[in-house]
$ cat target28.cif   # mmCIF, C-alpha atoms
data_upload
loop_
_atom_site.label_atom_id
_atom_site.label_comp_id
_atom_site.auth_asym_id
_atom_site.auth_seq_id
_atom_site.Cartn_x
_atom_site.Cartn_y
_atom_site.Cartn_z
CA MET A 1 77.42 80.65 26.38
CA ASN A 2 76.06 77.26 25.32
CA GLY A 3 77.44 74.51 27.56
CA TRP A 4 78.28 72.35 24.58
CA ALA A 5 80.26 75.20 23.07
CA VAL A 6 82.37 75.32 26.24
CA VAL A 7 82.89 71.53 26.02
CA VAL A 8 84.00 71.80 22.39
CA ALA A 9 86.35 74.72 23.16
CA GLY A 10 87.89 72.83 26.07
CA SER A 11 88.26 69.70 23.96
CA ALA A 12 89.98 71.73 21.24
CA VAL A 13 92.51 73.00 23.79
CA VAL A 14 93.08 69.48 25.14
CA GLY A 15 93.39 68.00 21.66
CA TYR A 16 95.76 70.63 20.34
CA GLY A 17 97.80 70.46 23.53
CA ALA A 18 98.26 66.72 23.02
CA LEU A 19 99.16 67.04 19.33
CA SER A 20 100.79 70.47 19.16
CA ARG A 21 104.34 69.29 18.55
CA ARG A 22 103.24 66.84 15.87
CA LEU A 23 100.99 69.39 14.16
CA SER A 24 103.80 71.96 14.16
CA THR A 25 105.44 70.01 11.34
CA THR A 26 102.31 70.06 9.19
CA VAL A 27 100.29 72.71 7.37
CA LEU A 28 97.78 72.79 10.24
CA SER A 29 98.74 75.75 12.43
CA GLY A 30 97.18 76.37 15.83
CA PRO A 31 95.08 79.36 14.69
CA MET A 32 93.85 77.34 11.72
CA VAL A 33 92.75 74.42 13.90
CA PHE A 34 90.88 76.66 16.33
CA MET A 35 89.26 78.68 13.53
CA LEU A 36 88.02 75.51 11.82
CA VAL A 37 86.60 74.23 15.10
CA GLY A 38 84.87 77.59 15.48
CA LEU A 39 83.34 77.32 12.01
CA ALA A 40 82.08 73.85 12.93
CA ILE A 41 80.19 75.09 16.01
CA GLY A 42 78.99 78.35 14.49
CA PRO A 43 75.94 79.15 12.33
CA LEU A 44 77.41 77.23 9.36
CA GLY A 45 77.75 74.09 11.49
CA LEU A 46 76.23 72.99 14.78
CA ASP A 47 75.09 76.52 15.71
CA LEU A 48 76.32 76.20 19.30
CA LEU A 49 77.79 79.68 19.48
CA ASP A 50 76.03 82.86 18.43
CA ARG A 51 77.38 86.37 18.82
CA ALA A 52 73.88 87.80 19.21
CA LYS A 53 73.34 85.65 22.31
CA ASP A 54 76.74 86.24 23.92
CA PRO A 55 78.14 89.54 22.58
CA GLU A 56 80.26 90.22 25.67
CA VAL A 57 82.03 86.86 25.45
CA THR A 58 83.54 87.74 22.09
CA ARG A 59 84.64 91.20 23.14
CA THR A 60 86.06 90.19 26.52
CA LEU A 61 88.00 87.25 25.12
CA LEU A 62 89.56 89.12 22.20
CA GLU A 63 90.38 92.25 24.17
CA SER A 64 91.90 90.30 27.09
CA ALA A 65 94.14 88.35 24.74
CA LEU A 66 95.36 91.47 22.95
CA VAL A 67 96.02 93.40 26.17
CA LEU A 68 98.23 90.64 27.57
CA LEU A 69 100.10 90.05 24.32
CA LEU A 70 100.64 93.77 23.70
CA PHE A 71 102.18 94.09 27.16
CA ALA A 72 104.33 90.95 26.88
CA ASP A 73 105.57 91.78 23.37
CA ALA A 74 106.46 95.34 24.30
CA ALA A 75 108.21 94.29 27.53
CA GLY A 76 110.31 91.76 25.67
CA ILE A 77 111.65 94.22 23.08
CA ARG A 78 115.02 95.70 23.93
CA ALA A 79 116.65 98.72 22.34
CA ARG A 80 119.60 96.54 21.47
CA ASP A 81 117.24 94.26 19.51
CA LEU A 82 116.65 97.08 17.07
CA ARG A 83 120.41 97.62 16.78
CA ARG A 84 121.27 93.93 16.79
CA GLU A 85 118.86 93.11 13.99
CA GLU A 86 120.52 95.94 12.10
CA PHE A 87 118.38 97.64 9.48
CA LEU A 88 115.51 95.18 9.08
CA PRO A 89 112.94 95.94 11.84
CA LEU A 90 113.60 99.69 11.74
CA ARG A 91 112.97 99.84 8.02
CA LEU A 92 109.89 97.63 8.22
CA LEU A 93 108.41 99.74 11.02
CA ALA A 94 109.48 103.24 9.97
CA VAL A 95 108.91 102.84 6.22
CA GLY A 96 106.98 99.64 5.53
CA LEU A 97 104.18 100.15 8.05
CA PRO A 98 103.11 103.71 7.11
CA VAL A 99 103.47 103.00 3.39
CA ALA A 100 101.27 99.90 3.77
CA MET A 101 98.62 102.01 5.51
CA ALA A 102 98.71 104.61 2.75
CA LEU A 103 98.65 102.02 -0.05
CA GLY A 104 95.82 100.10 1.59
CA TRP A 105 93.83 103.34 1.81
CA LEU A 106 94.32 104.05 -1.92
CA VAL A 107 93.52 100.49 -3.04
CA ALA A 108 90.37 100.43 -0.89
CA TRP A 109 89.02 103.55 -2.60
CA PRO A 110 87.79 101.90 -5.86
CA LEU A 111 87.14 98.45 -4.37
CA LEU A 112 85.01 99.33 -1.35
CA PRO A 113 82.38 101.83 -2.47
CA GLY A 114 80.03 102.95 0.24
CA LEU A 115 82.74 103.62 2.81
CA SER A 116 83.67 107.20 3.64
CA VAL A 117 87.21 108.50 3.22
CA TRP A 118 87.99 107.93 6.88
CA GLU A 119 86.34 104.52 6.95
CA LEU A 120 88.62 103.54 4.07
CA ALA A 121 91.60 104.78 6.06
CA LEU A 122 90.35 102.88 9.10
CA THR A 123 90.14 99.67 7.07
CA SER A 124 93.74 100.07 5.96
CA VAL A 125 95.04 100.81 9.46
CA ILE A 126 93.16 97.86 10.99
CA LEU A 127 94.72 95.47 8.48
CA ALA A 128 98.27 96.85 8.76
CA PRO A 129 99.59 95.08 11.94
CA THR A 130 101.07 91.61 11.55
CA ASP A 131 100.68 88.59 13.83
CA ALA A 132 103.58 86.15 14.15
CA ALA A 133 101.32 83.44 15.60
CA LEU A 134 99.67 82.85 12.23
CA GLY A 135 102.92 81.83 10.52
CA GLN A 136 104.97 80.70 13.51
CA GLN A 137 107.13 78.23 11.58
CA ALA A 138 108.21 80.98 9.21
CA PHE A 139 109.40 83.01 12.21
CA SER A 140 111.01 80.17 14.18
CA ASN A 141 112.51 77.90 11.50
CA LYS A 142 116.20 77.64 12.41
CA ARG A 143 117.17 77.21 8.76
CA VAL A 144 115.99 80.75 8.06
CA PRO A 145 118.83 83.26 8.72
CA PRO A 146 118.72 84.90 12.17
CA LEU A 147 118.58 88.36 10.58
CA VAL A 148 115.28 87.55 8.85
CA ARG A 149 113.76 85.64 11.78
CA GLY A 150 114.72 88.30 14.27
CA GLY A 151 113.59 91.16 12.08
CA LEU A 152 110.16 89.63 11.47
CA THR A 153 109.73 88.86 15.17
CA VAL A 154 110.64 92.37 16.29
CA GLU A 155 108.39 93.88 13.62
CA SER A 156 105.45 91.75 14.72
CA GLY A 157 106.06 92.58 18.37
CA LEU A 158 106.02 96.33 17.81
CA ASN A 159 103.85 97.14 14.81
CA ASP A 160 100.50 96.50 16.49
CA GLY A 161 101.42 98.99 19.22
CA LEU A 162 102.72 101.51 16.69
CA ALA A 163 99.51 101.16 14.68
CA LEU A 164 97.35 101.95 17.71
CA PRO A 165 97.64 105.78 17.52
CA PHE A 166 96.74 105.69 13.82
CA PHE A 167 93.78 103.46 14.63
CA VAL A 168 92.30 105.60 17.39
CA LEU A 169 92.71 108.79 15.34
CA ALA A 170 91.22 107.23 12.18
CA LEU A 171 88.34 105.86 14.25
CA ALA A 172 87.74 109.29 15.76
CA ALA A 173 87.81 110.92 12.32
CA ALA A 174 85.43 108.30 10.88
CA GLY A 175 83.00 108.75 13.77
CA GLU A 176 83.16 112.53 13.97
CA GLY A 177 79.78 114.00 13.16
CA HIS A 178 78.02 110.80 14.26
CA GLY A 179 77.94 111.59 17.95
CA HIS A 180 81.49 110.43 18.69
CA PRO A 181 84.38 112.40 20.24
CA GLY A 182 86.46 114.42 17.81
CA VAL A 183 90.07 113.90 16.81
CA ALA A 184 91.46 116.51 19.24
CA GLU A 185 89.74 114.99 22.29
CA THR A 186 90.73 111.50 21.18
CA PHE A 187 94.35 112.59 20.82
CA LEU A 188 94.42 113.96 24.35
CA ARG A 189 92.66 111.03 25.99
CA ALA A 190 93.78 108.05 23.92
CA LEU A 191 97.36 109.07 23.30
CA LEU A 192 98.59 111.46 25.98
CA LEU A 193 96.53 110.30 28.95
CA SER A 194 96.78 106.61 28.10
CA GLY A 195 100.50 106.93 27.47
CA ALA A 196 101.04 108.60 30.83
CA ILE A 197 99.00 105.93 32.62
CA GLY A 198 100.94 103.20 30.84
CA ILE A 199 104.29 104.68 31.84
CA ALA A 200 103.17 104.99 35.47
CA ALA A 201 101.79 101.45 35.62
CA GLY A 202 104.76 99.81 33.90
CA TRP A 203 107.39 101.79 35.80
CA GLY A 204 105.59 101.27 39.10
CA GLY A 205 105.14 97.54 38.49
CA ALA A 206 108.81 97.05 37.63
CA SER A 207 109.90 99.11 40.65
CA LEU A 208 107.72 97.07 43.00
CA LEU A 209 108.95 93.80 41.52
CA ARG A 210 112.57 94.87 41.85
CA TRP A 211 112.04 96.06 45.43
CA SER A 212 110.48 92.71 46.31
CA LEU A 213 113.24 90.72 44.60
CA VAL A 214 115.99 92.55 46.48
CA ARG A 215 114.41 91.58 49.80
CA GLY A 216 113.43 88.09 48.74
CA TRP A 217 109.84 88.74 49.76
CA SER A 218 108.04 87.35 46.72
CA SER A 219 107.61 83.72 45.72
CA SER A 220 108.28 82.73 42.11
CA ASP A 221 104.63 81.75 41.60
CA TRP A 222 103.04 84.97 42.84
CA ARG A 223 105.69 87.05 41.11
CA GLN A 224 104.13 86.00 37.81
CA PHE A 225 100.70 87.15 38.99
CA LEU A 226 102.18 90.52 39.94
CA VAL A 227 103.37 90.98 36.37
CA LEU A 228 100.05 89.75 34.95
CA ALA A 229 98.19 92.41 36.94
CA VAL A 230 100.23 95.33 35.53
CA PRO A 231 98.60 95.45 32.06
CA VAL A 232 95.19 94.78 33.59
CA ILE A 233 95.57 97.78 35.91
CA ALA A 234 96.87 99.98 33.09
CA TYR A 235 93.97 98.95 30.86
CA ALA A 236 91.36 99.58 33.58
CA PHE A 237 92.69 103.04 34.45
CA CYS A 238 92.74 104.04 30.77
CA VAL A 239 89.18 102.85 30.23
CA MET A 240 88.00 104.76 33.31
CA GLY A 241 89.69 107.86 31.89
CA GLU A 242 87.96 107.24 28.54
CA GLY A 243 91.31 106.66 26.88
CA SER A 244 92.72 103.64 25.03
CA GLY A 245 93.39 100.65 27.26
CA PHE A 246 95.44 99.03 24.52
CA ILE A 247 97.81 101.97 24.21
CA GLY A 248 98.08 101.97 28.00
CA ALA A 249 98.93 98.26 28.09
CA TRP A 250 101.49 98.55 25.29
CA VAL A 251 103.23 101.57 26.82
CA ALA A 252 103.14 99.82 30.21
CA GLY A 253 105.01 96.91 28.64
CA LEU A 254 107.67 99.21 27.22
CA ALA A 255 108.12 101.01 30.55
CA PHE A 256 108.12 97.76 32.53
CA GLY A 257 110.78 96.18 30.29
CA ILE A 258 113.04 99.23 30.21
CA HIS A 259 112.96 99.81 33.97
CA LEU A 260 113.35 96.16 34.99
CA ARG A 261 116.19 95.67 32.52
CA ARG A 262 118.10 98.53 34.17
CA THR A 263 118.29 96.67 37.48
CA PRO A 264 121.86 97.16 38.82
CA ALA A 265 123.88 93.94 39.02
CA GLY A 266 125.05 94.72 42.55
CA LEU A 267 121.59 94.24 44.07
CA GLY A 268 122.01 90.47 44.12
CA ILE A 269 119.00 89.75 41.88
CA PRO A 270 119.51 86.71 39.60
CA PRO A 271 119.79 87.84 35.96
CA GLN A 272 116.80 85.75 34.90
CA ASP A 273 114.57 87.52 37.44
CA ALA A 274 115.56 90.91 36.01
CA ASP A 275 114.87 89.72 32.46
CA PRO A 276 111.45 91.02 31.31
CA SER A 277 111.07 88.18 28.79
CA GLN A 278 111.27 85.72 31.70
CA SER A 279 109.08 87.79 34.01
CA THR A 280 106.32 88.06 31.40
CA ARG A 281 106.43 84.42 30.31
CA PHE A 282 103.31 83.47 32.29
CA THR A 283 101.46 86.54 30.99
CA GLU A 284 102.45 85.63 27.45
CA ARG A 285 101.26 82.02 27.90
CA ILE A 286 97.88 83.15 29.21
CA GLY A 287 97.64 85.58 26.29
CA LEU A 288 98.46 82.75 23.87
CA LEU A 289 95.69 80.57 25.30
CA LEU A 290 93.17 83.40 25.12
CA ALA A 291 94.30 84.21 21.56
CA SER A 292 93.75 80.59 20.50
CA LEU A 293 90.24 80.64 21.95
CA SER A 294 89.74 83.99 20.23
CA PHE A 295 90.36 82.36 16.85
CA LEU A 296 87.78 79.71 17.73
CA VAL A 297 85.22 82.38 18.58
CA PHE A 298 86.23 84.33 15.46
CA GLY A 299 85.47 81.31 13.27
CA ALA A 300 82.10 80.75 14.93
CA VAL A 301 80.60 84.20 15.37
CA ILE A 302 82.43 86.47 12.92
CA LEU A 303 83.79 84.52 9.95
CA GLY A 304 80.93 82.00 9.72
CA PRO A 305 78.18 84.61 9.25
CA THR A 306 80.40 86.59 6.86
CA LEU A 307 80.86 83.59 4.55
CA GLN A 308 77.13 83.48 4.00
CA HIS A 309 77.17 86.71 1.97
CA LEU A 310 80.60 87.13 0.42
CA THR A 311 81.18 89.57 -2.44
CA TRP A 312 83.98 89.59 -4.98
CA ARG A 313 85.07 93.06 -3.82
CA THR A 314 85.75 91.98 -0.24
CA VAL A 315 87.63 88.85 -1.35
CA LEU A 316 89.73 90.80 -3.85
CA TYR A 317 90.64 93.48 -1.33
CA ALA A 318 91.52 90.78 1.23
CA LEU A 319 93.85 89.09 -1.26
CA LEU A 320 95.45 92.39 -2.23
CA SER A 321 95.90 93.27 1.45
CA LEU A 322 97.86 90.06 2.02
CA THR A 323 99.97 90.42 -1.12
CA VAL A 324 100.43 93.72 -2.94
CA ILE A 325 99.57 96.03 -0.03
CA ARG A 326 102.07 94.20 2.20
CA MET A 327 104.78 93.20 -0.27
CA LEU A 328 105.27 96.45 -2.19
CA PRO A 329 105.90 98.53 0.97
CA VAL A 330 108.32 95.87 2.21
CA ALA A 331 110.19 95.93 -1.10
CA LEU A 332 110.35 99.72 -0.90
CA ALA A 333 111.51 99.66 2.70
CA LEU A 334 114.31 97.19 1.93
CA THR A 335 115.57 98.86 -1.23
CA GLY A 336 119.32 99.35 -1.07
CA THR A 337 119.89 96.94 1.82
CA GLY A 338 121.61 94.28 -0.26
CA LEU A 339 119.04 91.60 0.52
CA ARG A 340 118.30 89.19 -2.32
CA PRO A 341 114.87 89.10 -4.00
CA ALA A 342 114.15 85.73 -2.36
CA SER A 343 114.61 87.26 1.08
CA ILE A 344 112.53 90.34 0.30
CA ALA A 345 109.74 88.13 -1.05
CA TYR A 346 109.88 85.92 2.06
CA ILE A 347 109.72 88.90 4.40
CA GLY A 348 106.97 90.48 2.32
CA TRP A 349 104.80 87.39 2.24
CA PHE A 350 104.97 86.67 5.94
CA GLY A 351 102.94 89.57 7.19
CA PRO A 352 99.95 87.64 8.62
CA ARG A 353 96.92 89.52 9.91
CA GLY A 354 95.48 88.23 13.15
CA LEU A 355 94.42 89.16 16.65
CA ALA A 356 95.14 92.91 16.53
CA SER A 357 93.10 93.29 13.33
CA LEU A 358 90.20 91.37 14.89
CA VAL A 359 90.14 93.49 18.04
CA PHE A 360 90.51 96.77 16.16
CA GLY A 361 87.70 95.68 13.86
CA LEU A 362 85.49 94.77 16.80
CA LEU A 363 86.10 98.17 18.41
CA ALA A 364 85.26 99.91 15.13
CA LEU A 365 82.09 97.84 14.82
CA GLU A 366 80.93 98.95 18.27
CA GLU A 367 81.07 102.59 17.14
CA HIS A 368 78.18 101.87 14.73
CA LEU A 369 79.76 103.65 11.80
CA PRO A 370 77.68 103.95 8.60
CA GLY A 371 79.86 101.39 6.78
CA GLU A 372 80.28 98.97 9.69
CA THR A 373 78.89 95.94 7.83
CA LEU A 374 81.29 96.19 4.88
CA LEU A 375 84.18 97.05 7.21
CA SER A 376 83.52 93.96 9.32
CA GLU A 377 83.27 91.71 6.27
CA VAL A 378 86.58 92.88 4.81
CA ILE A 379 88.43 92.35 8.10
CA ALA A 380 86.88 88.93 8.68
CA VAL A 381 87.72 87.66 5.19
CA THR A 382 91.28 89.04 5.32
CA VAL A 383 92.06 87.44 8.68
CA GLY A 384 90.39 84.18 7.66
CA LEU A 385 92.42 83.96 4.45
CA SER A 386 95.59 84.90 6.33
CA ILE A 387 95.07 82.11 8.87
CA ILE A 388 94.77 79.57 6.07
CA LEU A 389 97.34 80.88 3.57
CA HIS A 390 100.09 81.91 5.99
CA GLY A 391 99.57 78.94 8.27
CA ALA A 392 99.69 76.41 5.45
CA SER A 393 102.62 78.01 3.63
CA ALA A 394 104.85 78.63 6.67
CA PRO A 395 106.43 75.13 6.96
CA ILE A 396 106.79 74.74 3.19
CA LEU A 397 108.23 78.15 2.37
CA GLY A 398 110.34 78.19 5.53
CA ASP A 399 112.11 75.00 4.46
CA ARG A 400 112.49 76.13 0.86
CA TYR A 401 113.87 79.51 1.83
CA GLY A 402 116.19 77.85 4.35
CA THR A 403 117.49 75.54 1.61
CA TRP A 404 118.08 78.51 -0.70
CA PHE A 405 119.93 80.36 2.05
CA THR A 406 122.19 77.40 2.89
CA ARG A 407 123.02 76.75 -0.76
CA THR A 408 123.70 80.40 -1.53
CA LEU A 409 125.78 80.89 1.60
CA ARG A 410 128.22 78.18 0.50
CA LYS A 411 128.96 80.17 -2.63
CA GLU A 412 128.87 83.61 -0.99
CA PRO A 413 130.05 83.63 2.65
CA ASN A 414 129.51 87.40 2.86
CA LEU A 415 125.83 87.13 1.95
CA ARG A 416 123.94 90.10 3.41
CA GLU A 417 121.34 87.82 4.98
CA ASN A 418 124.12 86.27 7.06
CA ALA A 419 125.19 89.58 8.59
CA LEU A 420 123.74 88.86 12.02
CA ALA A 421 125.33 85.41 12.21
CA GLN A 422 128.68 86.91 11.24
CA HIS A 423 128.28 89.55 13.95
CA ASP A 424 127.52 86.92 16.58
CA ASN A 425 130.33 84.62 15.39
CA PRO A 426 133.11 86.90 14.16
CA HIS A 427 135.59 84.06 14.02
#

$ encode --input "target28.cif" --output "C-alpha cells"
Amino acid sequence: MNGWAVVVAGSAVVGYGALSRRLSTTVLSGPMVFMLVGLAIGPLGLDLLDRAKDPEVTRTLLESALVLLLFADAAGIRARDLRREEFLPLRLLAVGLPVAMALGWLVAWPLLPGLSVWELALTSVILAPTDAALGQQAFSNKRVPPLVRGGLTVESGLNDGLALPFFVLALAAAGEGHGHPGVAETFLRALLLSGAIGIAAGWGGASLLRWSLVRGWSSSDWRQFLVLAVPVIAYAFCVMGEGSGFIGAWVAGLAFGIHLRRTPAGLGIPPQDADPSQSTRFTERIGLLLASLSFLVFGAVILGPTLQHLTWRTVLYALLSLTVIRMLPVALALTGTGLRPASIAYIGWFGPRGLASLVFGLLALEEHLPGETLLSEVIAVTVGLSIILHGASAPILGDRYGTWFTRTLRKEPNLRENALAQHDNPH
C-alpha cells in the first residue's frame, strides 16, 4: 500500500476521533466521512490507493471487520431481546427479510439484463442485510421510542447472519456449471460443517473463559484478547474445511453468548464478566475501527472506479433497493401490529446497506461469475447512496420522528409504539 495512503487513513482516524462527538450531531456520519476521504485518495482524486496494486488489502480489511462484528453482534443478542422487543424484530426477520430478497430478485429482472437468474437472486440477497452503523443516530436517538430503536438494532444485529445461508447457496447456484462447487456440496460445507465448527468454537471459548474467571486466573486485559481470538479461530477452521468462515464466526457468537450467559450465579463471577456484551466490547471496538477503514478503502478502490461508468439502470435499481424493496416488505411484515404509518415509514427507511453487502459482493466478485462487473457496480452504487442518504437523514428524521412520538403520546398514552416503555415502567 502507498505510504501516503496509510498516512491519510491514519489522519482520518485521528481527525474523526477528535471530532466524533461534534460530528454526531451533524449530517456527516462516520462512514460518510471515511468514504469521502477514500474517494479523495482513489482514482478520482489523488490516486494513492489502487485495488489492482493491493488486492489483498481490500479483502483482508473488509473480511476481518465483518468477522469480528458478526461475532460481537450475535454474542450480544439474547433470546429475551426477541421477546422483550415484542413483535418487531421477529416480524422484520421472519417476514421482512425473505420478502425483501424475493422482491429484489423480481425488480432486478427487468432492470439488470445480462445477469442470469441466479446472479439476479445473488444481487438481491447481497443487498438485503442492513447495517446500523450507517444511520446510527436513527438507532440511538433517545427521543425515538425504545420499541423502534430496539427492534431496528436487533434486526441489524441478526439479519446479516441470517442472510448468510441464502448468500452461499445463491452464490453456489450462480457459479454452478462454471467450475464451482454445486449447491449440495456448498450446503454441507458452508452450512452444516461451518455451523458445527462455530458451535464448538463459541461453546469452547465461553467454557474456557468461565473456567478461568472462576479461578481468577485471567487478567481483564488478556481476557479481551481471549474473546477476540474465538471468531478468528472459528473463521480459520471453516476456511481450512472449505466452508464459510462468516457463518462459523456468526454461529460462534451465538454459542458463545448463550453459554456464557448461562453462568450460574453461585460461582462467584461478577455479573459484568458473565455478560457477553461486556466480554465482546473490545472485539466490537476493533471491528468498528476496521469497518471505518473499510469504508475508506471502499470509497477509493470500489466506488471511485464505479462512478466513472455509471448507468441509469444501476442507479435506479440502487434507489429502488433502498426504498421500495426495503419499505414494502417492512410494511407487509408490520401489518396488523397497530403501529402508525409514521413508525412503519421510519422503520422501513432505516434499512441501510453497508459492510455485509460489501463483503458479500467482494466474495461474489472473486468467483469470476459472467455478470461480475454489473453485479459489482450495483452493490457499490447502492452502498454508496446508502452511506450518504441514510447518514445525512438520520439526525433530521430521528428528531422529527421523536417529536411526532412525543406529541402523539400526550394525546394517546396507550400508543402501540410505547408498549415497551409501558412494560418496563408499569406504574

$ resolve_selection --input "target28.cif" --expression "the PyMOL selection byres ((chain A and resi 171) around 12)" --output "JSON list (two decimals) with C-alpha atoms, in the frame of the given file"
[["chain", "number", "residue", "atom", "x", "y", "z"],
["A", 116, "SER", "CA", 83.67, 107.20, 3.64],
["A", 117, "VAL", "CA", 87.21, 108.50, 3.22],
["A", 118, "TRP", "CA", 87.99, 107.93, 6.88],
["A", 119, "GLU", "CA", 86.34, 104.52, 6.95],
["A", 120, "LEU", "CA", 88.62, 103.54, 4.07],
["A", 121, "ALA", "CA", 91.60, 104.78, 6.06],
["A", 122, "LEU", "CA", 90.35, 102.88, 9.10],
["A", 123, "THR", "CA", 90.14, 99.67, 7.07],
["A", 124, "SER", "CA", 93.74, 100.07, 5.96],
["A", 125, "VAL", "CA", 95.04, 100.81, 9.46],
["A", 126, "ILE", "CA", 93.16, 97.86, 10.99],
["A", 164, "LEU", "CA", 97.35, 101.95, 17.71],
["A", 165, "PRO", "CA", 97.64, 105.78, 17.52],
["A", 166, "PHE", "CA", 96.74, 105.69, 13.82],
["A", 167, "PHE", "CA", 93.78, 103.46, 14.63],
["A", 168, "VAL", "CA", 92.30, 105.60, 17.39],
["A", 169, "LEU", "CA", 92.71, 108.79, 15.34],
["A", 170, "ALA", "CA", 91.22, 107.23, 12.18],
["A", 172, "ALA", "CA", 87.74, 109.29, 15.76],
["A", 173, "ALA", "CA", 87.81, 110.92, 12.32],
["A", 174, "ALA", "CA", 85.43, 108.30, 10.88],
["A", 175, "GLY", "CA", 83.00, 108.75, 13.77],
["A", 176, "GLU", "CA", 83.16, 112.53, 13.97],
["A", 177, "GLY", "CA", 79.78, 114.00, 13.16],
["A", 178, "HIS", "CA", 78.02, 110.80, 14.26],
["A", 180, "HIS", "CA", 81.49, 110.43, 18.69],
["A", 181, "PRO", "CA", 84.38, 112.40, 20.24],
["A", 182, "GLY", "CA", 86.46, 114.42, 17.81],
["A", 183, "VAL", "CA", 90.07, 113.90, 16.81],
["A", 186, "THR", "CA", 90.73, 111.50, 21.18],
["A", 187, "PHE", "CA", 94.35, 112.59, 20.82],
["A", 190, "ALA", "CA", 93.78, 108.05, 23.92],
["A", 244, "SER", "CA", 92.72, 103.64, 25.03],
["A", 360, "PHE", "CA", 90.51, 96.77, 16.16],
["A", 361, "GLY", "CA", 87.70, 95.68, 13.86],
["A", 362, "LEU", "CA", 85.49, 94.77, 16.80],
["A", 363, "LEU", "CA", 86.10, 98.17, 18.41],
["A", 364, "ALA", "CA", 85.26, 99.91, 15.13],
["A", 365, "LEU", "CA", 82.09, 97.84, 14.82],
["A", 366, "GLU", "CA", 80.93, 98.95, 18.27],
["A", 367, "GLU", "CA", 81.07, 102.59, 17.14],
["A", 368, "HIS", "CA", 78.18, 101.87, 14.73],
["A", 369, "LEU", "CA", 79.76, 103.65, 11.80],
["A", 372, "GLU", "CA", 80.28, 98.97, 9.69]]

$ atom_distance --input "target28.cif" --atom1 "atom CA of A:Gly157" --atom2 "atom CA of A:Val13"
24.4 Å

$ atom_distance --input "target28.cif" --atom1 "atom CA of A:Ala234" --atom2 "atom CA of A:Leu208"
15.0 Å

$ closest_residue --input "target28.cif" --among "A:Asp73, A:Trp217, A:Gly3, A:Ala206" --to "A:Val154" --atoms "all atoms listed in the file"
A:Asp73

$ closest_residue --input "target28.cif" --among "A:Ala40, A:Ile387, A:Leu192, A:Leu162" --to "A:Ala94" --atoms "only C-alpha atoms"
A:Leu162

$ residues_around --input "target28.cif" --residues "A:Gly42" --least-positions-apart "3" --cutoff "9 Å" --atoms "all atoms listed in the file" --output "JSON, numbers by chain"
{"A": [37, 38, 39, 45, 46, 47, 48, 49, 50, 297, 299, 300, 301, 302, 304, 305]}

$ resolve_selection --input "target28.cif" --expression "the PyMOL selection byres ((chain A and resi 207) around 12)" --output "MDAnalysis selection string"
chainID A and resid 199:206 208:214 226:227 230 255:263 274

$ residues_around --input "target28.cif" --residues "stretch 313-325 of chain A" --least-positions-apart "3" --cutoff "9 Å" --atoms "only C-alpha atoms" --output "PyMOL selection string"
chain A and resi 99-101+103-104+107-108+111-112+124+127-128+310+328-329+348-353+374+377-383+385-386

$ closest_residue --input "target28.cif" --among "A:Ser220, A:Ser343, A:Ser393, A:Ser376" --to "A:Pro145" --atoms "only C-alpha atoms"
A:Ser343

$ residues_around --input "target28.cif" --residues "A:Gly151" --least-positions-apart "3" --cutoff "12 Å" --atoms "only C-alpha atoms" --output "NGL selection string"
:A and (77 or 81-93 or 132 or 138-140 or 144-148 or 154-159 or 334 or 343-344 or 346-348 or 350-351 or 417 or 420)

$ atom_distance --input "target28.cif" --atom1 "atom CA of A:Ala9" --atom2 "atom CA of A:Met32"
13.9 Å

$ resolve_selection --input "target28.cif" --expression "the PyMOL selection byres ((chain A and resi 68) around 10)" --output "count of residues only"
30
